Amino acid sequence: MSTPVGRSVGESWRALRVPLLVTGFIVLAAIVVLIATSARTSGQFSPDSTESTGARALAALLEDHNVDVHGTESLNDAVQAGGGSALLIGPGGSLDDGDWRRIAQAQWSHVILIRPGRRALEALAPGVQPTGTSLASRSRQPGCELPAAVKAGTVTVNGPTYSAPEGATTCYGDGVNNTVVRLEVGDRLVDVIGTPGSFMNTRLAEDGNAALALNLLGTHRDLTWYLPQWESDYPDSSGEGSAQLIPPDVRYIAWALAFAVLVVAIWRGRRLGPVVAEQLPVIVHAAETTEGRARLYRRSRARDRAASALRESALGQLQEAHGIPRRADPSAVVATVAARTGRDPAMLYELLYGLPPLTDAALMSLSQELDVLTQEVRHP
Amino acid sequence: MVLTGRAGILAAAGVVFVALVMPSWAGVGVVVAAVLVVCLVDILLAGSPRRLQFSREGDNAVRLGEQAMVNLLITNPGRRVRGLLRDAWPPSAGVLDPPHKLDLPSGERRRLTTHLLPTRRGDRHAFRVTVRSIGPLGFAGRQGSHQVAWTVRALPPFKSRKHLPSRLARLRELDGRTALLVRGQGTEFDSLRDYVPGDDVRSIDWRATARRGNVVLRTWRPERDRQVVIVIDSGRLSAGRVGDAPRLDHAMDAALLLAALATRAGDRVSLLACDSAVRADVRRPAPEDVLPSFVNALANVEAELVQTDFRIVVSQVLERLRQRSLVVLLTGLDPAVIEESLLPVIGPLLRRHVVLLASVADPRLTELEAARGDLLDVYGAASAARTRLDRDRLTATLTRAGATVVDEPPDHIAPALADTYLALKKAGRL
């Protein structure tokens with residue numbers, strides 16, 4: 001008599017286990033692939049990146065020349081200097097003035113700034129200013145006495161240029177707009193390099209690019225390769241934001257509340273069986289076509305058609321009431337009706353057989369006069 | 001799986017617990033674990049809705065507008081089932097009861113009654129029986145559905161039944177069961193009887209008078225055992241709503257009254273519902289079976305939005321009728337359709353039979369024609385007048401062709417059709 005609908009627990013498990021297994025396998029595989037590839041694709045000028053804008057080739061070259069490259073994205077590593085080592089600061093990121101000052105206060109003996117912004121220059125290379133012009137990509141002579149540059153010879157250069165203060169060495173430029181600027185700040189050597197493109201994986205092999213990079217970066221046995229990130233982290237001031245203003249207990253209460261809301265949602269949301277669908281018949285009102293025709297008459301201002309319908313209808317009633325034959329000619333009808341109602345035959349003729357009304361107002365008055373006439377017939 | 005309000009309250013109490021007693025991750029964990037464990041235990045202890053066994057008994061058919069009762073018998077071979085039961089039907093079956101409360105101990109059987117008040121003609125199939133079984137703790141439970149087949153047929157209401165007694169009285173008058181039997185009350189010879197003063201002298205049978213020696217009178221009665229075929233057009237002309245029901249429903253009502261009346265008058269009634277195909281076909285049922293068989297055949301006929309093929313109507317009717325009969329065609333008087341598709345093919349029908357064409361008029365048109373107010377009303381009146389004039393012209397054409405036309409609003413169509421039938425019978429046209 002009755003058959004259960006839907007699956008039992010065992011049936012649903014049997015039906016679902018294969019899809020679940022496949023889904024789990026796919027998710028697992030995706031995670032494994034992501035972990036395996038993530039180290040090599042960590043952005044522009046990264047020492048681990050093998051993409052065209054990465055600098056894996058340069059890092060490998062430095063390793064070959066006994067330079068210990070230590071890549072990092074953490075500000076903590078950039079502010080804790082090992083004594084007498086070099087720091088490379090990659091392009092990009094958004095550190096604020098405080099962060100740059102803390103880097104400047106650290107004990108780095110050599111800092112290489114790759115395409116630095118204004119804040120970095122203020123903190124680490126006072127006097128050096130971005131000029132706002134960029135050099136088009138082509139090979140250039142050093143044009144300076146910096147040994148590293150002289151040994152490297154021509155280098156493919158493109159990118160922003162910098163102006164240098166008195167006493168700084170400027171290379172690959174015209175003395176005002178320079179791509180490489182070396183200056184000494186205290187006992188620290190600071191290199192400002194505006195052309196990261198020359199040292200990326202694609203260009204490193206051209207001209208003397210690799211030689212220049214080795215000469216500039218290979219000065220120390222340890223090189224900390226720091227890539228500034230978009231969010232500066234505050235290792236000792238994480239509580240200064242709005243999160244600090246909320247008591248810590250509220251978070252747990254919020255989670256408990258969210259769970260309660262979920263339970264209530266399941267309680268209220270479960271229906272007692274599905275909604276029953278049903279095919280319903282179409283509802284068409286029989287008078288729809290007539291009403292539609294009325295709107296059409298109005299839109300096209302079909303006063304002539306409307307008037308003729310009204311007149312025909314009134315005539316029919318008059319003929320019936322006065323016993324006039326259906327096919328009587330107009331003059332006979334008018335004469336009979338005029339005799340019975342005492343109206344002027346000329347006006348009656350105009351009313352029943354006249355020209356179509358020219359205005360809506362005329363149509364309205366025509367319909368009213370016809371009404372009066374037929375009313376008289378019905379209740380003389 | 002279902003949760004109840006208690007589970008919600010427990011979770012809400014958990015918020016208070018976390019806030020006041022254990023504001024930590026451990027507190028949140030305790031609350032979640034407590035709710036989950038309680039609900040899981042409850043679900044495991046709840047009786048299984050899947051193991052319940054159902055059967056039905058009760059009404060199979062109900063007149064539209066009346067209540068049907070369908071009983072549901074539930075047997076529980078498993079653990080006690082406590083909770084709610086919903087006997088789901090389509091909306092137009094008109095289930096009157098809210099979900100039933102169910103408390104069914106192990107091994108017992110219960111009977112629940114579902115009351116239906118169908119809102120539409122036709123078969124209504126039971127959808128599902130859904131049982132929500134709540135565990136002994138009242139926090140959570142299980143839910144499952146069963147398919148328990150049952151069909152309730154909502155029959156045409158036959159509202160015009162109230163007109164039947166008065167028409168039967170008129171019929172008895174005609175039939176000669178009243179005192180006077182004279183010529184003009186029918187054309188079929190009944191019997192001879194003695195003349196009593198006051199009888200119509202024109203009815204005296206002179207030959208019999210000469211044989212018997214005293215004055216003898218012929219009596220007449222209306223014809224009996226004639227064929228009446230009621231054809232209901234279920235095409236798009238019948239789909240339009242007049243008042244609160246489609247033309248088709250009004251036509252059915254009129255057809256049922258006519259069928260009841262004609263059966264009492266001794267005629268044999270057949271029924272045909274037809275659009276582009278035959279939808280219902282009842283051929284000469286036994287007199288006591290006329291109404292039930294008609295009502296059953298018409299229960300599932302719905303107006304189709306197609307043009308009725310009157311060639312099928314004509315060929316079907318001609319095929320089943322030998323002697324001269326009455327053909328009642330219930331359709332809509334749409335000039336374009338009738339002139340195009342009915343008039344060209346109705347010739348053979350008109351030559352051999354008496355054709356009565358009945359249509360439900362729309363009172364809305366009369367309203368429209370009488371409305372006077374703004375400009376749109378005047379145009380509406382003109383449009384309605386044009387529709388009426390076209391219908392009048394069509395009626396005149398049909399009448400000229402030899403058909404009898406009945407065009408009345410919904411509440412008058414059934415008695416008007418019955419009266420026309422009586423008039424035809426009285427005039428001996430059958």
# chains A, B, ... in the order shown; residues from 1 in each chain; ligands from 1

call {"tool": "select_by_dssp", "arguments": {"residues": "segment 271-406 of chain B", "states": "strand (DSSP E)", "output": "ChimeraX atom specification"}}
result
/B:271-274,278-282,326-331,354-360,404-406

call {"tool": "interface_residues", "arguments": {"of": "chain A", "to": "chain B", "cutoff": "8 Å", "atoms": "only C-alpha atoms", "output": "number ranges by chain"}}
result
A: 1-6, 8, 249-250, 252-253, 255-257, 259-261, 263-264, 266-267, 270, 272-273, 276-278, 281, 283-287, 290-291, 293-295, 297-298, 306-307, 309-310, 313, 360, 364, 367

call {"tool": "atom_distance", "arguments": {"atom1": "atom CA of Gly159 of chain A", "atom2": "atom CA of Thr133 of chain A"}}
result
8.4 Å

call {"tool": "select_by_dssp", "arguments": {"residues": "segment 135-347 of chain A", "states": "helix (DSSP H, G or I)", "output": "ChimeraX atom specification"}}
result
/A:147-152,196-199,209-217,238-240,242-245,248-269,288-299,303-322,330-341,345-347

call {"tool": "residues_around", "arguments": {"residues": "Val216 of chain B", "least_positions_apart": "6", "cutoff": "9 Å", "atoms": "only C-alpha atoms", "output": "tab-separated table (two decimals) with all heavy atoms, in the first residue's frame"}}
result
chain	number	residue	atom	x	y	z
B	192	LEU	N	-57.49	5.68	-26.85
B	192	LEU	CA	-58.84	6.22	-27.07
B	192	LEU	C	-59.59	6.18	-25.75
B	192	LEU	O	-59.38	5.28	-24.94
B	192	LEU	CB	-59.59	5.36	-28.10
B	192	LEU	CG	-59.03	5.36	-29.52
B	192	LEU	CD1	-59.72	4.25	-30.33
B	192	LEU	CD2	-59.25	6.69	-30.17
B	193	ARG	N	-60.40	7.20	-25.52
B	193	ARG	CA	-61.25	7.14	-24.31
B	193	ARG	C	-62.58	7.81	-24.62
B	193	ARG	O	-62.72	8.48	-25.65
B	193	ARG	CB	-60.54	7.80	-23.13
B	193	ARG	CG	-60.34	9.31	-23.28
B	193	ARG	CD	-59.93	9.89	-21.91
B	193	ARG	NE	-59.43	11.26	-22.06
B	193	ARG	CZ	-60.21	12.33	-22.15
B	193	ARG	NH1	-61.54	12.19	-22.20
B	193	ARG	NH2	-59.71	13.53	-22.25
B	194	ASP	N	-63.49	7.63	-23.68
B	194	ASP	CA	-64.83	8.21	-23.89
B	194	ASP	C	-64.78	9.72	-23.80
B	194	ASP	O	-63.99	10.28	-23.04
B	194	ASP	CB	-65.81	7.66	-22.85
B	194	ASP	CG	-66.17	6.23	-23.16
B	194	ASP	OD1	-65.93	5.83	-24.33
B	194	ASP	OD2	-66.62	5.52	-22.25
B	195	TYR	N	-65.70	10.31	-24.61
B	195	TYR	CA	-65.79	11.77	-24.59
B	195	TYR	C	-66.45	12.23	-23.30
B	195	TYR	O	-67.42	11.62	-22.85
B	195	TYR	CB	-66.61	12.23	-25.80
B	195	TYR	CG	-66.87	13.69	-25.87
B	195	TYR	CD1	-65.90	14.55	-26.39
B	195	TYR	CD2	-68.07	14.24	-25.41
B	195	TYR	CE1	-66.14	15.91	-26.46
B	195	TYR	CE2	-68.31	15.60	-25.47
B	195	TYR	CZ	-67.33	16.42	-26.00
B	195	TYR	OH	-67.57	17.78	-26.06
B	203	SER	N	-60.60	16.60	-31.31
B	203	SER	CA	-59.88	15.37	-31.01
B	203	SER	C	-60.76	14.13	-31.13
B	203	SER	O	-60.31	13.02	-30.88
B	203	SER	CB	-59.30	15.44	-29.59
B	203	SER	OG	-58.41	16.50	-29.49
B	204	ILE	N	-62.04	14.31	-31.50
B	204	ILE	CA	-62.94	13.15	-31.57
B	204	ILE	C	-62.52	12.26	-32.74
B	204	ILE	O	-62.26	12.74	-33.84
B	204	ILE	CB	-64.40	13.60	-31.75
B	204	ILE	CG1	-64.85	14.37	-30.49
B	204	ILE	CG2	-65.32	12.43	-32.04
B	204	ILE	CD1	-66.20	14.99	-30.61
B	205	ASP	N	-62.40	10.97	-32.45
B	205	ASP	CA	-62.07	10.01	-33.49
B	205	ASP	C	-63.38	9.47	-34.06
B	205	ASP	O	-64.04	8.64	-33.44
B	205	ASP	CB	-61.22	8.87	-32.89
B	205	ASP	CG	-60.69	7.93	-33.95
B	205	ASP	OD1	-61.35	7.84	-35.02
B	205	ASP	OD2	-59.65	7.30	-33.73
B	206	TRP	N	-63.74	9.97	-35.22
B	206	TRP	CA	-65.08	9.66	-35.76
B	206	TRP	C	-65.20	8.21	-36.15
B	206	TRP	O	-66.24	7.58	-36.00
B	206	TRP	CB	-65.38	10.59	-36.94
B	206	TRP	CG	-65.53	12.01	-36.46
B	206	TRP	CD1	-64.71	13.04	-36.69
B	206	TRP	CD2	-66.58	12.50	-35.65
B	206	TRP	NE1	-65.13	14.18	-36.08
B	206	TRP	CE2	-66.32	13.87	-35.41
B	206	TRP	CE3	-67.75	11.93	-35.05
B	206	TRP	CZ2	-67.15	14.67	-34.64
B	206	TRP	CZ3	-68.56	12.76	-34.31
B	206	TRP	CH2	-68.25	14.12	-34.08
B	207	ARG	N	-64.15	7.63	-36.64
B	207	ARG	CA	-64.22	6.24	-37.07
B	207	ARG	C	-64.49	5.32	-35.88
B	207	ARG	O	-65.37	4.47	-35.92
B	207	ARG	CB	-62.89	5.84	-37.73
B	207	ARG	CG	-63.02	4.63	-38.59
B	207	ARG	CD	-61.74	4.38	-39.34
B	207	ARG	NE	-61.47	5.46	-40.30
B	207	ARG	CZ	-60.40	5.50	-41.06
B	207	ARG	NH1	-59.46	4.61	-40.96
B	207	ARG	NH2	-60.24	6.48	-41.92
B	208	ALA	N	-63.77	5.55	-34.81
B	208	ALA	CA	-63.97	4.75	-33.60
B	208	ALA	C	-65.35	5.01	-33.02
B	208	ALA	O	-66.00	4.09	-32.52
B	208	ALA	CB	-62.89	5.09	-32.58
B	209	THR	N	-65.80	6.27	-33.11
B	209	THR	CA	-67.13	6.61	-32.60
B	209	THR	C	-68.20	5.82	-33.34
B	209	THR	O	-69.13	5.27	-32.75
B	209	THR	CB	-67.37	8.12	-32.76
B	209	THR	OG1	-66.30	8.81	-32.13
B	209	THR	CG2	-68.69	8.53	-32.15
B	210	ALA	N	-67.98	5.70	-34.69
B	210	ALA	CA	-68.95	4.98	-35.51
B	210	ALA	C	-68.96	3.50	-35.13
B	210	ALA	O	-70.02	2.87	-35.08
B	210	ALA	CB	-68.59	5.13	-36.98

call {"tool": "residues_around", "arguments": {"residues": "Arg111 of chain B", "least_positions_apart": "2", "cutoff": "9 Å", "atoms": "only C-alpha atoms", "output": "list of chain:residue names"}}
result
B:Asn71, B:Leu72, B:Leu73, B:Ile74, B:Arg109, B:Thr113

call {"tool": "closest_residue", "arguments": {"among": "A:Asn66, A:Gln368, A:Ser331, A:Thr154", "to": "Ser139 of chain A", "atoms": "only C-alpha atoms"}}
result
A:Thr154

call {"tool": "residues_around", "arguments": {"residues": "Gly186 of chain A", "least_positions_apart": "2", "cutoff": "12 Å", "atoms": "only C-alpha atoms", "output": "JSON, numbers by chain"}}
result
{"A": [104, 105, 107, 108, 109, 110, 124, 125, 126, 183, 184, 188, 189, 190]}

call {"tool": "residues_around", "arguments": {"residues": "Leu104 of chain B", "least_positions_apart": "2", "cutoff": "10 Å", "atoms": "only C-alpha atoms", "output": "NGL selection string"}}
result
:B and (47 or 52 or 74-83 or 101-102 or 106-110)

call {"tool": "write_last_selection", "arguments": {"atoms": "all heavy atoms", "output": "compact mmCIF listing (two decimals), in the first residue's frame"}}
result
# COMPACT_ATOMS: atom_id res chain seq x y z
N GLY B 47 11.68 6.94 16.90
CA GLY B 47 11.15 5.86 16.07
C GLY B 47 11.33 6.18 14.60
O GLY B 47 11.28 7.33 14.20
N LEU B 52 7.17 2.78 9.17
CA LEU B 52 5.72 2.81 9.32
C LEU B 52 5.06 2.24 8.06
O LEU B 52 5.61 2.33 6.97
CB LEU B 52 5.24 4.24 9.53
CG LEU B 52 5.69 4.92 10.81
CD1 LEU B 52 5.21 6.36 10.82
CD2 LEU B 52 5.16 4.19 12.02
N ILE B 74 -2.34 3.83 9.89
CA ILE B 74 -0.90 3.80 10.09
C ILE B 74 -0.58 2.66 11.05
O ILE B 74 -1.12 2.60 12.15
CB ILE B 74 -0.38 5.11 10.68
CG1 ILE B 74 -0.98 6.28 9.91
CG2 ILE B 74 1.12 5.17 10.65
CD1 ILE B 74 -1.20 7.46 10.78
N THR B 75 0.28 1.76 10.63
CA THR B 75 0.71 0.67 11.49
C THR B 75 2.18 0.90 11.84
O THR B 75 2.97 1.25 10.97
CB THR B 75 0.57 -0.68 10.78
OG1 THR B 75 -0.69 -0.70 10.12
CG2 THR B 75 0.68 -1.82 11.74
N ASN B 76 2.51 0.69 13.10
CA ASN B 76 3.88 0.93 13.53
C ASN B 76 4.51 -0.37 14.02
O ASN B 76 4.25 -0.81 15.14
CB ASN B 76 3.89 1.98 14.65
CG ASN B 76 5.30 2.30 15.09
OD1 ASN B 76 6.26 1.92 14.42
ND2 ASN B 76 5.42 2.99 16.21
N PRO B 77 5.31 -1.02 13.21
CA PRO B 77 5.95 -2.25 13.66
C PRO B 77 7.20 -1.99 14.51
O PRO B 77 7.72 -2.89 15.16
CB PRO B 77 6.33 -2.95 12.36
CG PRO B 77 6.49 -1.84 11.37
CD PRO B 77 5.69 -0.67 11.84
N GLY B 78 7.69 -0.75 14.50
CA GLY B 78 8.97 -0.47 15.17
C GLY B 78 8.79 0.22 16.51
O GLY B 78 7.79 0.03 17.20
N ARG B 79 9.77 1.06 16.85
CA ARG B 79 9.72 1.81 18.11
C ARG B 79 8.61 2.84 18.07
O ARG B 79 8.12 3.21 17.02
CB ARG B 79 11.06 2.51 18.33
CG ARG B 79 11.98 1.79 19.27
CD ARG B 79 12.99 2.75 19.85
NE ARG B 79 13.72 3.47 18.81
CZ ARG B 79 14.87 3.05 18.27
NH1 ARG B 79 15.39 1.92 18.67
NH2 ARG B 79 15.48 3.76 17.36
N ARG B 80 8.23 3.31 19.27
CA ARG B 80 7.18 4.32 19.39
C ARG B 80 7.51 5.56 18.54
O ARG B 80 8.65 6.06 18.58
CB ARG B 80 7.08 4.74 20.85
CG ARG B 80 6.02 5.74 21.16
CD ARG B 80 6.20 6.27 22.57
NE ARG B 80 5.10 7.15 22.90
CZ ARG B 80 4.24 6.89 23.87
NH1 ARG B 80 4.37 5.81 24.60
NH2 ARG B 80 3.26 7.74 24.11
N VAL B 81 6.53 6.04 17.79
CA VAL B 81 6.72 7.23 16.96
C VAL B 81 5.84 8.34 17.52
O VAL B 81 4.64 8.19 17.67
CB VAL B 81 6.34 6.94 15.49
CG1 VAL B 81 6.30 8.23 14.69
CG2 VAL B 81 7.32 5.96 14.87
N ARG B 82 6.48 9.45 17.82
CA ARG B 82 5.77 10.58 18.40
C ARG B 82 6.12 11.79 17.54
O ARG B 82 7.28 11.96 17.19
CB ARG B 82 6.30 10.82 19.82
CG ARG B 82 5.29 11.26 20.84
CD ARG B 82 5.87 10.97 22.22
NE ARG B 82 7.28 11.37 22.30
CZ ARG B 82 7.69 12.60 22.61
NH1 ARG B 82 6.82 13.53 22.87
NH2 ARG B 82 8.97 12.88 22.66
N GLY B 83 5.15 12.58 17.19
CA GLY B 83 5.50 13.77 16.40
C GLY B 83 4.35 14.23 15.53
O GLY B 83 3.20 14.19 15.94
N LYS B 101 -1.28 15.49 14.84
CA LYS B 101 -0.35 15.06 15.89
C LYS B 101 -0.38 13.54 15.92
O LYS B 101 -1.44 12.94 15.75
CB LYS B 101 -0.81 15.61 17.25
CG LYS B 101 -0.49 17.06 17.43
CD LYS B 101 -0.46 17.41 18.91
CE LYS B 101 0.13 18.78 19.11
NZ LYS B 101 -0.69 19.83 18.47
N LEU B 102 0.75 12.93 16.11
CA LEU B 102 0.82 11.47 16.03
C LEU B 102 1.54 10.95 17.26
O LEU B 102 2.60 11.46 17.64
CB LEU B 102 1.59 11.08 14.76
CG LEU B 102 1.65 9.60 14.42
CD1 LEU B 102 0.27 9.11 14.05
CD2 LEU B 102 2.61 9.38 13.26
N SER B 106 4.60 1.22 19.89
CA SER B 106 5.07 0.10 19.08
C SER B 106 3.97 -0.94 18.88
O SER B 106 3.24 -1.28 19.81
CB SER B 106 6.28 -0.53 19.78
OG SER B 106 6.66 -1.68 19.09
N GLY B 107 3.83 -1.43 17.64
CA GLY B 107 2.91 -2.51 17.36
C GLY B 107 1.46 -2.08 17.27
O GLY B 107 0.58 -2.92 17.12
N GLU B 108 1.18 -0.77 17.36
CA GLU B 108 -0.22 -0.36 17.31
C GLU B 108 -0.57 0.25 15.96
O GLU B 108 0.28 0.43 15.11
CB GLU B 108 -0.51 0.64 18.44
CG GLU B 108 -0.50 -0.04 19.78
CD GLU B 108 -1.16 0.81 20.84
OE1 GLU B 108 -1.86 1.78 20.48
OE2 GLU B 108 -0.94 0.52 22.03
N ARG B 109 -1.86 0.57 15.82
CA ARG B 109 -2.36 1.08 14.55
C ARG B 109 -3.29 2.24 14.86
O ARG B 109 -4.02 2.24 15.83
CB ARG B 109 -3.09 -0.06 13.84
CG ARG B 109 -4.00 0.37 12.74
CD ARG B 109 -4.71 -0.86 12.20
NE ARG B 109 -3.94 -1.43 11.12
CZ ARG B 109 -4.48 -1.84 9.98
NH1 ARG B 109 -5.78 -1.75 9.79
NH2 ARG B 109 -3.74 -2.36 9.04
N ARG B 110 -3.22 3.27 14.03
CA ARG B 110 -4.07 4.45 14.24
C ARG B 110 -4.78 4.79 12.95
O ARG B 110 -4.29 4.49 11.85
CB ARG B 110 -3.22 5.65 14.64
CG ARG B 110 -2.68 5.62 16.04
CD ARG B 110 -3.69 6.18 17.02
NE ARG B 110 -3.08 6.26 18.35
CZ ARG B 110 -2.91 5.21 19.16
NH1 ARG B 110 -3.26 4.01 18.75
NH2 ARG B 110 -2.36 5.38 20.34
